[in-house]
>>> print(open('structure27.cif').read())   # mmCIF, N, CA and C atoms
data_query
#
loop_
_atom_site.label_atom_id
_atom_site.label_comp_id
_atom_site.auth_asym_id
_atom_site.auth_seq_id
_atom_site.Cartn_x
_atom_site.Cartn_y
_atom_site.Cartn_z
N MET A 1353 -65.13 73.12 -2.47
CA MET A 1353 -64.00 73.88 -2.94
C MET A 1353 -63.35 73.19 -4.13
N LYS A 1354 -63.28 71.85 -4.10
CA LYS A 1354 -62.70 71.11 -5.21
C LYS A 1354 -63.50 71.30 -6.48
N ILE A 1355 -64.82 71.36 -6.33
CA ILE A 1355 -65.68 71.54 -7.50
C ILE A 1355 -65.42 72.90 -8.13
N VAL A 1356 -65.23 73.92 -7.34
CA VAL A 1356 -64.95 75.27 -7.86
C VAL A 1356 -63.63 75.25 -8.63
N LYS A 1357 -62.61 74.60 -8.08
CA LYS A 1357 -61.32 74.52 -8.75
C LYS A 1357 -61.43 73.75 -10.06
N ILE A 1358 -62.18 72.67 -10.05
CA ILE A 1358 -62.37 71.88 -11.26
C ILE A 1358 -63.11 72.69 -12.32
N LEU A 1359 -64.15 73.41 -11.91
CA LEU A 1359 -64.89 74.25 -12.85
C LEU A 1359 -64.02 75.37 -13.41
N ALA A 1360 -63.21 75.97 -12.55
CA ALA A 1360 -62.31 77.04 -13.00
C ALA A 1360 -61.30 76.51 -14.00
N LEU A 1361 -60.73 75.35 -13.70
CA LEU A 1361 -59.77 74.74 -14.61
C LEU A 1361 -60.43 74.37 -15.93
N SER A 1362 -61.63 73.85 -15.88
CA SER A 1362 -62.36 73.50 -17.10
C SER A 1362 -62.64 74.73 -17.94
N ALA A 1363 -63.01 75.81 -17.29
CA ALA A 1363 -63.26 77.06 -18.01
C ALA A 1363 -62.00 77.56 -18.70
N LEU A 1364 -60.89 77.51 -17.98
CA LEU A 1364 -59.61 77.95 -18.57
C LEU A 1364 -59.22 77.09 -19.75
N LEU A 1365 -59.39 75.79 -19.62
CA LEU A 1365 -59.05 74.89 -20.70
C LEU A 1365 -59.94 75.11 -21.92
N SER A 1366 -61.23 75.35 -21.69
CA SER A 1366 -62.13 75.56 -22.82
C SER A 1366 -61.84 76.89 -23.51
N VAL A 1367 -61.45 77.91 -22.76
CA VAL A 1367 -61.06 79.19 -23.37
C VAL A 1367 -59.81 78.99 -24.20
N GLY A 1368 -58.84 78.26 -23.66
CA GLY A 1368 -57.61 77.97 -24.39
C GLY A 1368 -57.89 77.17 -25.64
N ALA A 1369 -58.77 76.19 -25.55
CA ALA A 1369 -59.13 75.37 -26.71
C ALA A 1369 -59.82 76.22 -27.77
N ALA A 1370 -60.69 77.13 -27.34
CA ALA A 1370 -61.38 78.01 -28.29
C ALA A 1370 -60.39 78.92 -28.98
N ALA A 1371 -59.40 79.43 -28.24
CA ALA A 1371 -58.37 80.29 -28.82
C ALA A 1371 -57.56 79.51 -29.84
N ASP A 1372 -57.19 78.27 -29.50
CA ASP A 1372 -56.44 77.43 -30.42
C ASP A 1372 -57.25 77.17 -31.69
N GLU A 1373 -58.53 76.88 -31.52
CA GLU A 1373 -59.40 76.61 -32.67
C GLU A 1373 -59.52 77.85 -33.56
N THR A 1374 -59.65 79.00 -32.94
CA THR A 1374 -59.74 80.26 -33.70
C THR A 1374 -58.46 80.50 -34.48
N LEU A 1375 -57.32 80.27 -33.83
CA LEU A 1375 -56.04 80.49 -34.50
C LEU A 1375 -55.86 79.52 -35.67
N VAL A 1376 -56.20 78.26 -35.48
CA VAL A 1376 -56.09 77.28 -36.56
C VAL A 1376 -56.98 77.68 -37.72
N SER A 1377 -58.20 78.07 -37.42
CA SER A 1377 -59.14 78.49 -38.47
C SER A 1377 -58.62 79.72 -39.21
N THR A 1378 -58.09 80.69 -38.47
CA THR A 1378 -57.58 81.92 -39.07
C THR A 1378 -56.37 81.64 -39.95
N MET A 1379 -55.45 80.82 -39.45
CA MET A 1379 -54.26 80.48 -40.25
C MET A 1379 -54.65 79.70 -41.50
N SER A 1380 -55.64 78.85 -41.39
CA SER A 1380 -56.13 78.11 -42.55
C SER A 1380 -56.71 79.07 -43.59
N GLN A 1381 -57.46 80.06 -43.10
CA GLN A 1381 -58.05 81.05 -44.01
C GLN A 1381 -56.95 81.86 -44.68
N MET A 1382 -55.91 82.23 -43.93
CA MET A 1382 -54.80 82.98 -44.53
C MET A 1382 -54.08 82.13 -45.58
N GLU A 1383 -53.84 80.87 -45.26
CA GLU A 1383 -53.18 79.97 -46.21
C GLU A 1383 -54.01 79.83 -47.48
N HIS A 1384 -55.30 79.70 -47.32
CA HIS A 1384 -56.17 79.57 -48.50
C HIS A 1384 -56.12 80.84 -49.33
N GLY A 1385 -56.12 81.99 -48.68
CA GLY A 1385 -56.01 83.26 -49.40
C GLY A 1385 -54.69 83.37 -50.15
N LEU A 1386 -53.60 83.01 -49.49
CA LEU A 1386 -52.28 83.04 -50.15
C LEU A 1386 -52.26 82.11 -51.35
N SER A 1387 -52.85 80.93 -51.19
CA SER A 1387 -52.90 79.97 -52.29
C SER A 1387 -53.72 80.52 -53.46
N SER A 1388 -54.82 81.17 -53.16
CA SER A 1388 -55.65 81.75 -54.22
C SER A 1388 -54.90 82.85 -54.96
N VAL A 1389 -54.18 83.68 -54.22
CA VAL A 1389 -53.39 84.74 -54.87
C VAL A 1389 -52.35 84.12 -55.79
N GLN A 1390 -51.65 83.13 -55.28
CA GLN A 1390 -50.61 82.48 -56.09
C GLN A 1390 -51.20 81.86 -57.35
N LYS A 1391 -52.32 81.16 -57.20
CA LYS A 1391 -52.97 80.56 -58.38
C LYS A 1391 -53.44 81.64 -59.35
N GLY A 1392 -53.91 82.75 -58.81
CA GLY A 1392 -54.33 83.85 -59.66
C GLY A 1392 -53.19 84.38 -60.51
N PHE A 1393 -52.01 84.48 -59.92
CA PHE A 1393 -50.84 84.90 -60.69
C PHE A 1393 -50.44 83.83 -61.72
N LEU A 1394 -50.45 82.57 -61.29
CA LEU A 1394 -50.02 81.49 -62.19
C LEU A 1394 -50.95 81.35 -63.40
N TYR A 1395 -52.25 81.55 -63.17
CA TYR A 1395 -53.22 81.35 -64.24
C TYR A 1395 -53.74 82.66 -64.83
N ASN A 1396 -53.08 83.77 -64.47
CA ASN A 1396 -53.44 85.08 -65.01
C ASN A 1396 -54.93 85.37 -64.79
N THR A 1397 -55.35 85.23 -63.53
CA THR A 1397 -56.75 85.43 -63.16
C THR A 1397 -56.84 86.48 -62.05
N PRO A 1398 -56.90 87.76 -62.44
CA PRO A 1398 -56.94 88.83 -61.44
C PRO A 1398 -58.06 88.70 -60.41
N GLU A 1399 -59.21 88.19 -60.81
CA GLU A 1399 -60.32 88.05 -59.86
C GLU A 1399 -59.97 87.06 -58.75
N LEU A 1400 -59.24 86.01 -59.08
CA LEU A 1400 -58.82 85.04 -58.07
C LEU A 1400 -57.81 85.68 -57.11
N ILE A 1401 -56.96 86.54 -57.65
CA ILE A 1401 -56.01 87.28 -56.80
C ILE A 1401 -56.78 88.16 -55.82
N LYS A 1402 -57.75 88.89 -56.33
CA LYS A 1402 -58.55 89.79 -55.47
C LYS A 1402 -59.30 89.01 -54.40
N THR A 1403 -59.86 87.87 -54.78
CA THR A 1403 -60.56 87.04 -53.81
C THR A 1403 -59.61 86.58 -52.71
N GLY A 1404 -58.42 86.14 -53.11
CA GLY A 1404 -57.42 85.69 -52.14
C GLY A 1404 -56.99 86.80 -51.21
N VAL A 1405 -56.78 87.99 -51.75
CA VAL A 1405 -56.40 89.13 -50.91
C VAL A 1405 -57.50 89.43 -49.92
N GLY A 1406 -58.73 89.35 -50.35
CA GLY A 1406 -59.86 89.58 -49.44
C GLY A 1406 -59.86 88.58 -48.29
N GLU A 1407 -59.56 87.31 -48.58
CA GLU A 1407 -59.48 86.30 -47.53
C GLU A 1407 -58.35 86.61 -46.55
N ILE A 1408 -57.21 87.01 -47.09
CA ILE A 1408 -56.06 87.35 -46.25
C ILE A 1408 -56.42 88.51 -45.33
N GLN A 1409 -57.01 89.55 -45.90
CA GLN A 1409 -57.36 90.73 -45.11
C GLN A 1409 -58.38 90.39 -44.02
N LYS A 1410 -59.34 89.57 -44.36
CA LYS A 1410 -60.35 89.19 -43.38
C LYS A 1410 -59.72 88.41 -42.22
N ALA A 1411 -58.88 87.45 -42.55
CA ALA A 1411 -58.23 86.65 -41.51
C ALA A 1411 -57.26 87.49 -40.69
N ASN A 1412 -56.55 88.37 -41.35
CA ASN A 1412 -55.54 89.20 -40.69
C ASN A 1412 -56.16 90.17 -39.69
N ALA A 1413 -57.42 90.49 -39.85
CA ALA A 1413 -58.09 91.43 -38.95
C ALA A 1413 -58.06 90.95 -37.49
N LEU A 1414 -57.92 89.66 -37.29
CA LEU A 1414 -57.85 89.11 -35.94
C LEU A 1414 -56.67 89.69 -35.17
N PHE A 1415 -55.61 90.08 -35.87
CA PHE A 1415 -54.38 90.53 -35.23
C PHE A 1415 -54.22 92.05 -35.21
N HIS A 1416 -55.30 92.79 -35.40
CA HIS A 1416 -55.24 94.25 -35.40
C HIS A 1416 -55.18 94.86 -34.01
N ASN A 1417 -55.36 94.07 -32.99
CA ASN A 1417 -55.35 94.56 -31.62
C ASN A 1417 -54.27 93.79 -30.85
N THR A 1418 -53.35 94.52 -30.21
CA THR A 1418 -52.23 93.85 -29.52
C THR A 1418 -52.71 92.97 -28.38
N ASP A 1419 -53.75 93.38 -27.66
CA ASP A 1419 -54.25 92.56 -26.55
C ASP A 1419 -54.84 91.25 -27.05
N VAL A 1420 -55.54 91.31 -28.17
CA VAL A 1420 -56.11 90.10 -28.76
C VAL A 1420 -55.00 89.23 -29.31
N THR A 1421 -54.05 89.85 -30.00
CA THR A 1421 -52.93 89.11 -30.58
C THR A 1421 -52.18 88.34 -29.50
N LYS A 1422 -52.00 88.96 -28.36
CA LYS A 1422 -51.23 88.34 -27.27
C LYS A 1422 -51.80 86.99 -26.86
N LYS A 1423 -53.12 86.88 -26.81
CA LYS A 1423 -53.72 85.63 -26.33
C LYS A 1423 -53.52 84.47 -27.29
N TYR A 1424 -53.16 84.76 -28.55
CA TYR A 1424 -52.93 83.69 -29.52
C TYR A 1424 -51.48 83.24 -29.59
N LEU A 1425 -50.60 83.97 -28.92
CA LEU A 1425 -49.19 83.59 -28.90
C LEU A 1425 -48.93 82.59 -27.78
N PRO A 1426 -47.94 81.71 -27.96
CA PRO A 1426 -47.58 80.81 -26.86
C PRO A 1426 -47.17 81.64 -25.63
N LYS A 1427 -47.41 81.10 -24.45
CA LYS A 1427 -47.14 81.83 -23.20
C LYS A 1427 -45.72 82.41 -23.16
N ASP A 1428 -44.75 81.62 -23.61
CA ASP A 1428 -43.36 82.08 -23.55
C ASP A 1428 -43.00 83.09 -24.65
N LYS A 1429 -43.95 83.41 -25.52
CA LYS A 1429 -43.72 84.37 -26.61
C LYS A 1429 -44.61 85.60 -26.50
N GLN A 1430 -45.46 85.65 -25.47
CA GLN A 1430 -46.43 86.73 -25.39
C GLN A 1430 -45.80 88.11 -25.21
N HIS A 1431 -44.57 88.15 -24.73
CA HIS A 1431 -43.90 89.44 -24.61
C HIS A 1431 -43.47 89.99 -25.98
N MET A 1432 -43.63 89.19 -27.04
CA MET A 1432 -43.27 89.59 -28.39
C MET A 1432 -44.50 89.96 -29.23
N THR A 1433 -45.54 90.36 -28.57
CA THR A 1433 -46.80 90.69 -29.24
C THR A 1433 -46.60 91.74 -30.34
N ASN A 1434 -45.74 92.70 -30.10
CA ASN A 1434 -45.55 93.77 -31.09
C ASN A 1434 -45.02 93.23 -32.42
N ILE A 1435 -44.24 92.17 -32.38
CA ILE A 1435 -43.73 91.59 -33.64
C ILE A 1435 -44.89 91.05 -34.46
N ALA A 1436 -45.79 90.33 -33.83
CA ALA A 1436 -46.97 89.80 -34.53
C ALA A 1436 -47.87 90.95 -34.99
N PHE A 1437 -48.04 91.95 -34.14
CA PHE A 1437 -48.88 93.10 -34.48
C PHE A 1437 -48.29 93.84 -35.69
N ASN A 1438 -46.96 94.04 -35.69
CA ASN A 1438 -46.31 94.73 -36.80
C ASN A 1438 -46.37 93.90 -38.08
N ALA A 1439 -46.26 92.59 -37.97
CA ALA A 1439 -46.40 91.72 -39.14
C ALA A 1439 -47.80 91.89 -39.73
N SER A 1440 -48.79 91.98 -38.87
CA SER A 1440 -50.16 92.19 -39.32
C SER A 1440 -50.30 93.51 -40.07
N LYS A 1441 -49.67 94.55 -39.55
CA LYS A 1441 -49.71 95.86 -40.22
C LYS A 1441 -49.02 95.79 -41.58
N HIS A 1442 -47.91 95.05 -41.66
CA HIS A 1442 -47.22 94.89 -42.95
C HIS A 1442 -48.10 94.14 -43.95
N ILE A 1443 -48.81 93.15 -43.46
CA ILE A 1443 -49.72 92.39 -44.33
C ILE A 1443 -50.81 93.32 -44.87
N ASP A 1444 -51.34 94.17 -44.01
CA ASP A 1444 -52.37 95.13 -44.45
C ASP A 1444 -51.83 96.05 -45.55
N GLY A 1445 -50.66 96.61 -45.31
CA GLY A 1445 -50.08 97.54 -46.28
C GLY A 1445 -49.75 96.87 -47.60
N ALA A 1446 -49.13 95.70 -47.53
CA ALA A 1446 -48.75 94.99 -48.75
C ALA A 1446 -49.98 94.51 -49.52
N SER A 1447 -51.02 94.08 -48.82
CA SER A 1447 -52.22 93.62 -49.53
C SER A 1447 -52.93 94.79 -50.21
N SER A 1448 -52.93 95.94 -49.57
CA SER A 1448 -53.50 97.14 -50.18
C SER A 1448 -52.69 97.54 -51.42
N ASP A 1449 -51.36 97.51 -51.29
CA ASP A 1449 -50.49 97.84 -52.44
C ASP A 1449 -50.70 96.85 -53.58
N LEU A 1450 -50.89 95.58 -53.24
CA LEU A 1450 -51.11 94.56 -54.26
C LEU A 1450 -52.36 94.88 -55.07
N LEU A 1451 -53.43 95.22 -54.39
CA LEU A 1451 -54.68 95.52 -55.09
C LEU A 1451 -54.55 96.76 -55.98
N LYS A 1452 -53.86 97.77 -55.47
CA LYS A 1452 -53.66 98.98 -56.28
C LYS A 1452 -52.85 98.67 -57.53
N ALA A 1453 -51.77 97.91 -57.38
CA ALA A 1453 -50.95 97.55 -58.53
C ALA A 1453 -51.73 96.68 -59.51
N LEU A 1454 -52.54 95.79 -58.99
CA LEU A 1454 -53.34 94.91 -59.84
C LEU A 1454 -54.33 95.73 -60.67
N ASP A 1455 -54.95 96.72 -60.05
CA ASP A 1455 -55.90 97.57 -60.77
C ASP A 1455 -55.22 98.35 -61.89
N LYS A 1456 -53.94 98.64 -61.71
CA LYS A 1456 -53.17 99.36 -62.74
C LYS A 1456 -52.52 98.40 -63.74
N LYS A 1457 -52.77 97.11 -63.56
CA LYS A 1457 -52.18 96.06 -64.39
C LYS A 1457 -50.66 96.05 -64.30
N GLU A 1458 -50.15 96.41 -63.13
CA GLU A 1458 -48.71 96.35 -62.85
C GLU A 1458 -48.45 95.03 -62.12
N TYR A 1459 -48.44 93.95 -62.88
CA TYR A 1459 -48.41 92.62 -62.30
C TYR A 1459 -47.11 92.29 -61.57
N SER A 1460 -45.99 92.78 -62.07
CA SER A 1460 -44.72 92.53 -61.36
C SER A 1460 -44.73 93.22 -60.00
N LYS A 1461 -45.23 94.43 -59.98
CA LYS A 1461 -45.33 95.17 -58.72
C LYS A 1461 -46.32 94.48 -57.78
N ALA A 1462 -47.40 94.00 -58.32
CA ALA A 1462 -48.40 93.29 -57.51
C ALA A 1462 -47.79 92.01 -56.92
N HIS A 1463 -47.01 91.33 -57.74
CA HIS A 1463 -46.38 90.10 -57.24
C HIS A 1463 -45.34 90.41 -56.17
N LYS A 1464 -44.67 91.53 -56.29
CA LYS A 1464 -43.71 91.94 -55.26
C LYS A 1464 -44.45 92.17 -53.94
N SER A 1465 -45.62 92.76 -54.01
CA SER A 1465 -46.42 92.96 -52.80
C SER A 1465 -46.86 91.63 -52.21
N TYR A 1466 -47.18 90.67 -53.06
CA TYR A 1466 -47.52 89.32 -52.58
C TYR A 1466 -46.34 88.73 -51.81
N SER A 1467 -45.14 88.91 -52.34
CA SER A 1467 -43.94 88.42 -51.65
C SER A 1467 -43.77 89.09 -50.30
N GLU A 1468 -44.12 90.37 -50.22
CA GLU A 1468 -44.03 91.10 -48.95
C GLU A 1468 -45.02 90.53 -47.92
N ILE A 1469 -46.18 90.11 -48.39
CA ILE A 1469 -47.16 89.47 -47.50
C ILE A 1469 -46.57 88.18 -46.94
N VAL A 1470 -46.02 87.36 -47.81
CA VAL A 1470 -45.44 86.08 -47.37
C VAL A 1470 -44.27 86.34 -46.40
N ASN A 1471 -43.46 87.37 -46.69
CA ASN A 1471 -42.35 87.70 -45.79
C ASN A 1471 -42.84 88.13 -44.42
N ALA A 1472 -43.94 88.87 -44.37
CA ALA A 1472 -44.50 89.28 -43.08
C ALA A 1472 -45.02 88.06 -42.31
N CYS A 1473 -45.64 87.14 -43.02
CA CYS A 1473 -46.10 85.90 -42.38
C CYS A 1473 -44.90 85.15 -41.80
N THR A 1474 -43.86 85.02 -42.59
CA THR A 1474 -42.67 84.29 -42.17
C THR A 1474 -42.00 84.95 -40.97
N ALA A 1475 -41.97 86.28 -40.95
CA ALA A 1475 -41.37 86.99 -39.82
C ALA A 1475 -42.09 86.67 -38.52
N CYS A 1476 -43.41 86.62 -38.56
CA CYS A 1476 -44.18 86.29 -37.37
C CYS A 1476 -43.98 84.83 -37.00
N HIS A 1477 -44.02 83.96 -37.97
CA HIS A 1477 -43.84 82.53 -37.69
C HIS A 1477 -42.45 82.25 -37.13
N ALA A 1478 -41.45 83.01 -37.57
CA ALA A 1478 -40.09 82.83 -37.04
C ALA A 1478 -40.06 83.08 -35.53
N VAL A 1479 -40.82 84.05 -35.10
CA VAL A 1479 -40.88 84.36 -33.66
C VAL A 1479 -41.72 83.31 -32.92
N VAL A 1480 -42.92 83.09 -33.41
CA VAL A 1480 -43.85 82.19 -32.73
C VAL A 1480 -43.33 80.76 -32.69
N ARG A 1481 -42.73 80.33 -33.77
CA ARG A 1481 -42.26 78.94 -33.86
C ARG A 1481 -40.80 78.78 -33.50
N GLY A 1482 -40.12 79.90 -33.29
CA GLY A 1482 -38.72 79.84 -32.89
C GLY A 1482 -37.80 79.34 -33.98
N TRP A 1483 -38.05 79.72 -35.22
CA TRP A 1483 -37.22 79.27 -36.34
C TRP A 1483 -35.83 79.83 -36.26
#
>>> encode(input="structure27.cif", output="structure tokens")
Amino acid sequence: MKIVKILALSALLSVGAAADETLVSTMSQMEHGLSSVQKGFLYNTPELIKTGVGEIQKANALFHNTDVTKKYLPKDKQHMTNIAFNASKHIDGASSDLLKALDKKEYSKAHKSYSEIVNACTACHAVVRGW
């Protein structure tokens, strides 16, 4: 019986560790995408902006499902899954708007959309990190 409990605990810990690793990897990918977008604006390189937005969108896809999103939140924050889910939806909308504005060479509008992406990230982090 002790062996079964130990195996069950080990399985739970490894699932938790895998979730943590996935979240760290995803957040790193989002940060890299945000950095690429910012550099693209600073150096007037639209292709770098597009690449960064693509990275953001790819990483953000992890949070498109509320059940999946819930498992990445701390236990005491899991009842706030909708906030993270809504932040993800805002990131999707703002990143799409950014690309449309960029294609029209409306750089100020595109940068405003970039700011909206960062604001959505911050809104989620405020909840998850208790800022």
>>> residues_around(input="structure27.cif", residues="range 1454-1464 of chain A", least_positions_apart="6", cutoff="8 Å", atoms="only N, CA and C atoms", output="ChimeraX atom specification")
/A:1393,1398,1446,1448,1470
>>> closest_residue(input="structure27.cif", among="A:Tyr1466, A:Cys1473, A:Asn1412, A:His1442", to="Ser1388 in chain A", atoms="only C-alpha atoms")
A:Tyr1466
>>> residues_around(input="structure27.cif", residues="Glu1407 in chain A", least_positions_apart="3", cutoff="6.5 Å", atoms="all atoms listed in the file", output="PyMOL selection string")
chain A and resi 1381-1382+1385+1402-1404+1410-1412
>>> closest_residue(input="structure27.cif", among="A:Thr1421, A:Thr1397, A:Ser1447, A:Gln1409", to="Thr1374 in chain A", atoms="only C-alpha atoms")
A:Thr1421
>>> residues_around(input="structure27.cif", residues="range 1431-1440 of chain A", least_positions_apart="2", cutoff="7 Å", atoms="only N, CA and C atoms", output="VMD selection string")
chain A and resid 1412 1415 to 1418 1421 to 1422 1427 to 1429 1442 to 1445 1472 to 1473 1475 to 1476
>>> atom_distance(input="structure27.cif", atom1="atom N of Leu1451 in chain A", atom2="atom C of Thr1474 in chain A")
20.4 Å
>>> atom_distance(input="structure27.cif", atom1="CA of Ile1408 in chain A", atom2="CA of Glu1468 in chain A")
12.9 Å
>>> atom_distance(input="structure27.cif", atom1="atom C of Tyr1395 in chain A", atom2="atom C of Thr1378 in chain A")
25.0 Å
>>> axis_aligned_box(input="structure27.cif", around="range 1459-1465 of chain A", padding_each_side="3 Å", output="AutoDock Vina command-line options")
--center_x -46.1 --center_y 92.6 --center_z -57.5 --size_x 10.7 --size_y 11.1 --size_z 16.7
>>> closest_residue(input="structure27.cif", among="A:Val1389, A:Ile1469, A:His1384, A:Leu1394", to="Lys1441 in chain A", atoms="only C-alpha atoms")
A:Ile1469
>>> select_by_dssp(input="structure27.cif", residues="chain A", states="alpha helix (DSSP H)", output="NGL selection string")
:A and (1354-1394 or 1398-1412 or 1418-1424 or 1433-1455 or 1459-1481)
>>> build_atoms(input="structure27.cif", residues="range 1432-1441 of chain A", atoms="all heavy atoms", output="PDB file, keeping the file's coordinate frame")
ATOM      1  N   MET A1432     -43.630  89.190 -27.040  1.00  0.00           N
ATOM      2  CA  MET A1432     -43.270  89.590 -28.390  1.00  0.00           C
ATOM      3  C   MET A1432     -44.500  89.960 -29.230  1.00  0.00           C
ATOM      4  O   MET A1432     -44.479  89.906 -30.451  1.00  0.00           O
ATOM      5  CB  MET A1432     -42.504  88.472 -29.076  1.00  0.00           C
ATOM      6  CG  MET A1432     -41.215  88.106 -28.392  1.00  0.00           C
ATOM      7  SD  MET A1432     -40.422  86.780 -29.309  1.00  0.00           S
ATOM      8  CE  MET A1432     -39.059  86.421 -28.231  1.00  0.00           C
ATOM      9  N   THR A1433     -45.540  90.360 -28.570  1.00  0.00           N
ATOM     10  CA  THR A1433     -46.800  90.690 -29.240  1.00  0.00           C
ATOM     11  C   THR A1433     -46.600  91.740 -30.340  1.00  0.00           C
ATOM     12  O   THR A1433     -47.230  91.656 -31.391  1.00  0.00           O
ATOM     13  CB  THR A1433     -47.842  91.189 -28.217  1.00  0.00           C
ATOM     14  OG1 THR A1433     -48.047  90.163 -27.257  1.00  0.00           O
ATOM     15  CG2 THR A1433     -49.149  91.526 -28.869  1.00  0.00           C
ATOM     16  N   ASN A1434     -45.740  92.700 -30.100  1.00  0.00           N
ATOM     17  CA  ASN A1434     -45.550  93.770 -31.090  1.00  0.00           C
ATOM     18  C   ASN A1434     -45.020  93.230 -32.420  1.00  0.00           C
ATOM     19  O   ASN A1434     -45.322  93.801 -33.465  1.00  0.00           O
ATOM     20  CB  ASN A1434     -44.614  94.852 -30.548  1.00  0.00           C
ATOM     21  CG  ASN A1434     -45.339  95.781 -29.611  1.00  0.00           C
ATOM     22  OD1 ASN A1434     -46.563  95.874 -29.620  1.00  0.00           O
ATOM     23  ND2 ASN A1434     -44.592  96.479 -28.777  1.00  0.00           N
ATOM     24  N   ILE A1435     -44.240  92.170 -32.380  1.00  0.00           N
ATOM     25  CA  ILE A1435     -43.730  91.590 -33.640  1.00  0.00           C
ATOM     26  C   ILE A1435     -44.890  91.050 -34.460  1.00  0.00           C
ATOM     27  O   ILE A1435     -44.990  91.308 -35.668  1.00  0.00           O
ATOM     28  CB  ILE A1435     -42.671  90.513 -33.353  1.00  0.00           C
ATOM     29  CG1 ILE A1435     -41.430  91.170 -32.730  1.00  0.00           C
ATOM     30  CG2 ILE A1435     -42.318  89.747 -34.629  1.00  0.00           C
ATOM     31  CD1 ILE A1435     -40.392  90.216 -32.219  1.00  0.00           C
ATOM     32  N   ALA A1436     -45.790  90.330 -33.830  1.00  0.00           N
ATOM     33  CA  ALA A1436     -46.970  89.800 -34.530  1.00  0.00           C
ATOM     34  C   ALA A1436     -47.870  90.950 -34.990  1.00  0.00           C
ATOM     35  O   ALA A1436     -48.377  90.928 -36.120  1.00  0.00           O
ATOM     36  CB  ALA A1436     -47.734  88.846 -33.624  1.00  0.00           C
ATOM     37  N   PHE A1437     -48.040  91.950 -34.140  1.00  0.00           N
ATOM     38  CA  PHE A1437     -48.880  93.100 -34.480  1.00  0.00           C
ATOM     39  C   PHE A1437     -48.290  93.840 -35.690  1.00  0.00           C
ATOM     40  O   PHE A1437     -49.000  94.204 -36.623  1.00  0.00           O
ATOM     41  CB  PHE A1437     -49.006  94.018 -33.270  1.00  0.00           C
ATOM     42  CG  PHE A1437     -49.843  95.241 -33.509  1.00  0.00           C
ATOM     43  CD1 PHE A1437     -51.220  95.143 -33.636  1.00  0.00           C
ATOM     44  CD2 PHE A1437     -49.251  96.481 -33.598  1.00  0.00           C
ATOM     45  CE1 PHE A1437     -51.993  96.272 -33.850  1.00  0.00           C
ATOM     46  CE2 PHE A1437     -50.017  97.616 -33.814  1.00  0.00           C
ATOM     47  CZ  PHE A1437     -51.394  97.510 -33.944  1.00  0.00           C
ATOM     48  N   ASN A1438     -46.960  94.040 -35.690  1.00  0.00           N
ATOM     49  CA  ASN A1438     -46.310  94.730 -36.800  1.00  0.00           C
ATOM     50  C   ASN A1438     -46.370  93.900 -38.080  1.00  0.00           C
ATOM     51  O   ASN A1438     -46.529  94.449 -39.174  1.00  0.00           O
ATOM     52  CB  ASN A1438     -44.860  95.072 -36.452  1.00  0.00           C
ATOM     53  CG  ASN A1438     -44.776  96.205 -35.453  1.00  0.00           C
ATOM     54  OD1 ASN A1438     -45.675  97.034 -35.352  1.00  0.00           O
ATOM     55  ND2 ASN A1438     -43.707  96.241 -34.696  1.00  0.00           N
ATOM     56  N   ALA A1439     -46.260  92.590 -37.970  1.00  0.00           N
ATOM     57  CA  ALA A1439     -46.400  91.720 -39.140  1.00  0.00           C
ATOM     58  C   ALA A1439     -47.800  91.890 -39.730  1.00  0.00           C
ATOM     59  O   ALA A1439     -47.964  91.977 -40.956  1.00  0.00           O
ATOM     60  CB  ALA A1439     -46.147  90.271 -38.775  1.00  0.00           C
ATOM     61  N   SER A1440     -48.790  91.980 -38.870  1.00  0.00           N
ATOM     62  CA  SER A1440     -50.160  92.190 -39.320  1.00  0.00           C
ATOM     63  C   SER A1440     -50.300  93.510 -40.070  1.00  0.00           C
ATOM     64  O   SER A1440     -50.954  93.580 -41.118  1.00  0.00           O
ATOM     65  CB  SER A1440     -51.106  92.153 -38.117  1.00  0.00           C
ATOM     66  OG  SER A1440     -52.418  92.469 -38.502  1.00  0.00           O
ATOM     67  N   LYS A1441     -49.670  94.550 -39.550  1.00  0.00           N
ATOM     68  CA  LYS A1441     -49.710  95.860 -40.220  1.00  0.00           C
ATOM     69  C   LYS A1441     -49.020  95.790 -41.580  1.00  0.00           C
ATOM     70  O   LYS A1441     -49.498  96.397 -42.551  1.00  0.00           O
ATOM     71  CB  LYS A1441     -49.083  96.930 -39.339  1.00  0.00           C
ATOM     72  CG  LYS A1441     -49.966  97.322 -38.159  1.00  0.00           C
ATOM     73  CD  LYS A1441     -49.319  98.228 -37.137  1.00  0.00           C
ATOM     74  CE  LYS A1441     -48.546  99.379 -37.653  1.00  0.00           C
ATOM     75  NZ  LYS A1441     -47.987 100.233 -36.584  1.00  0.00           N
TER      76      LYS A1441
END
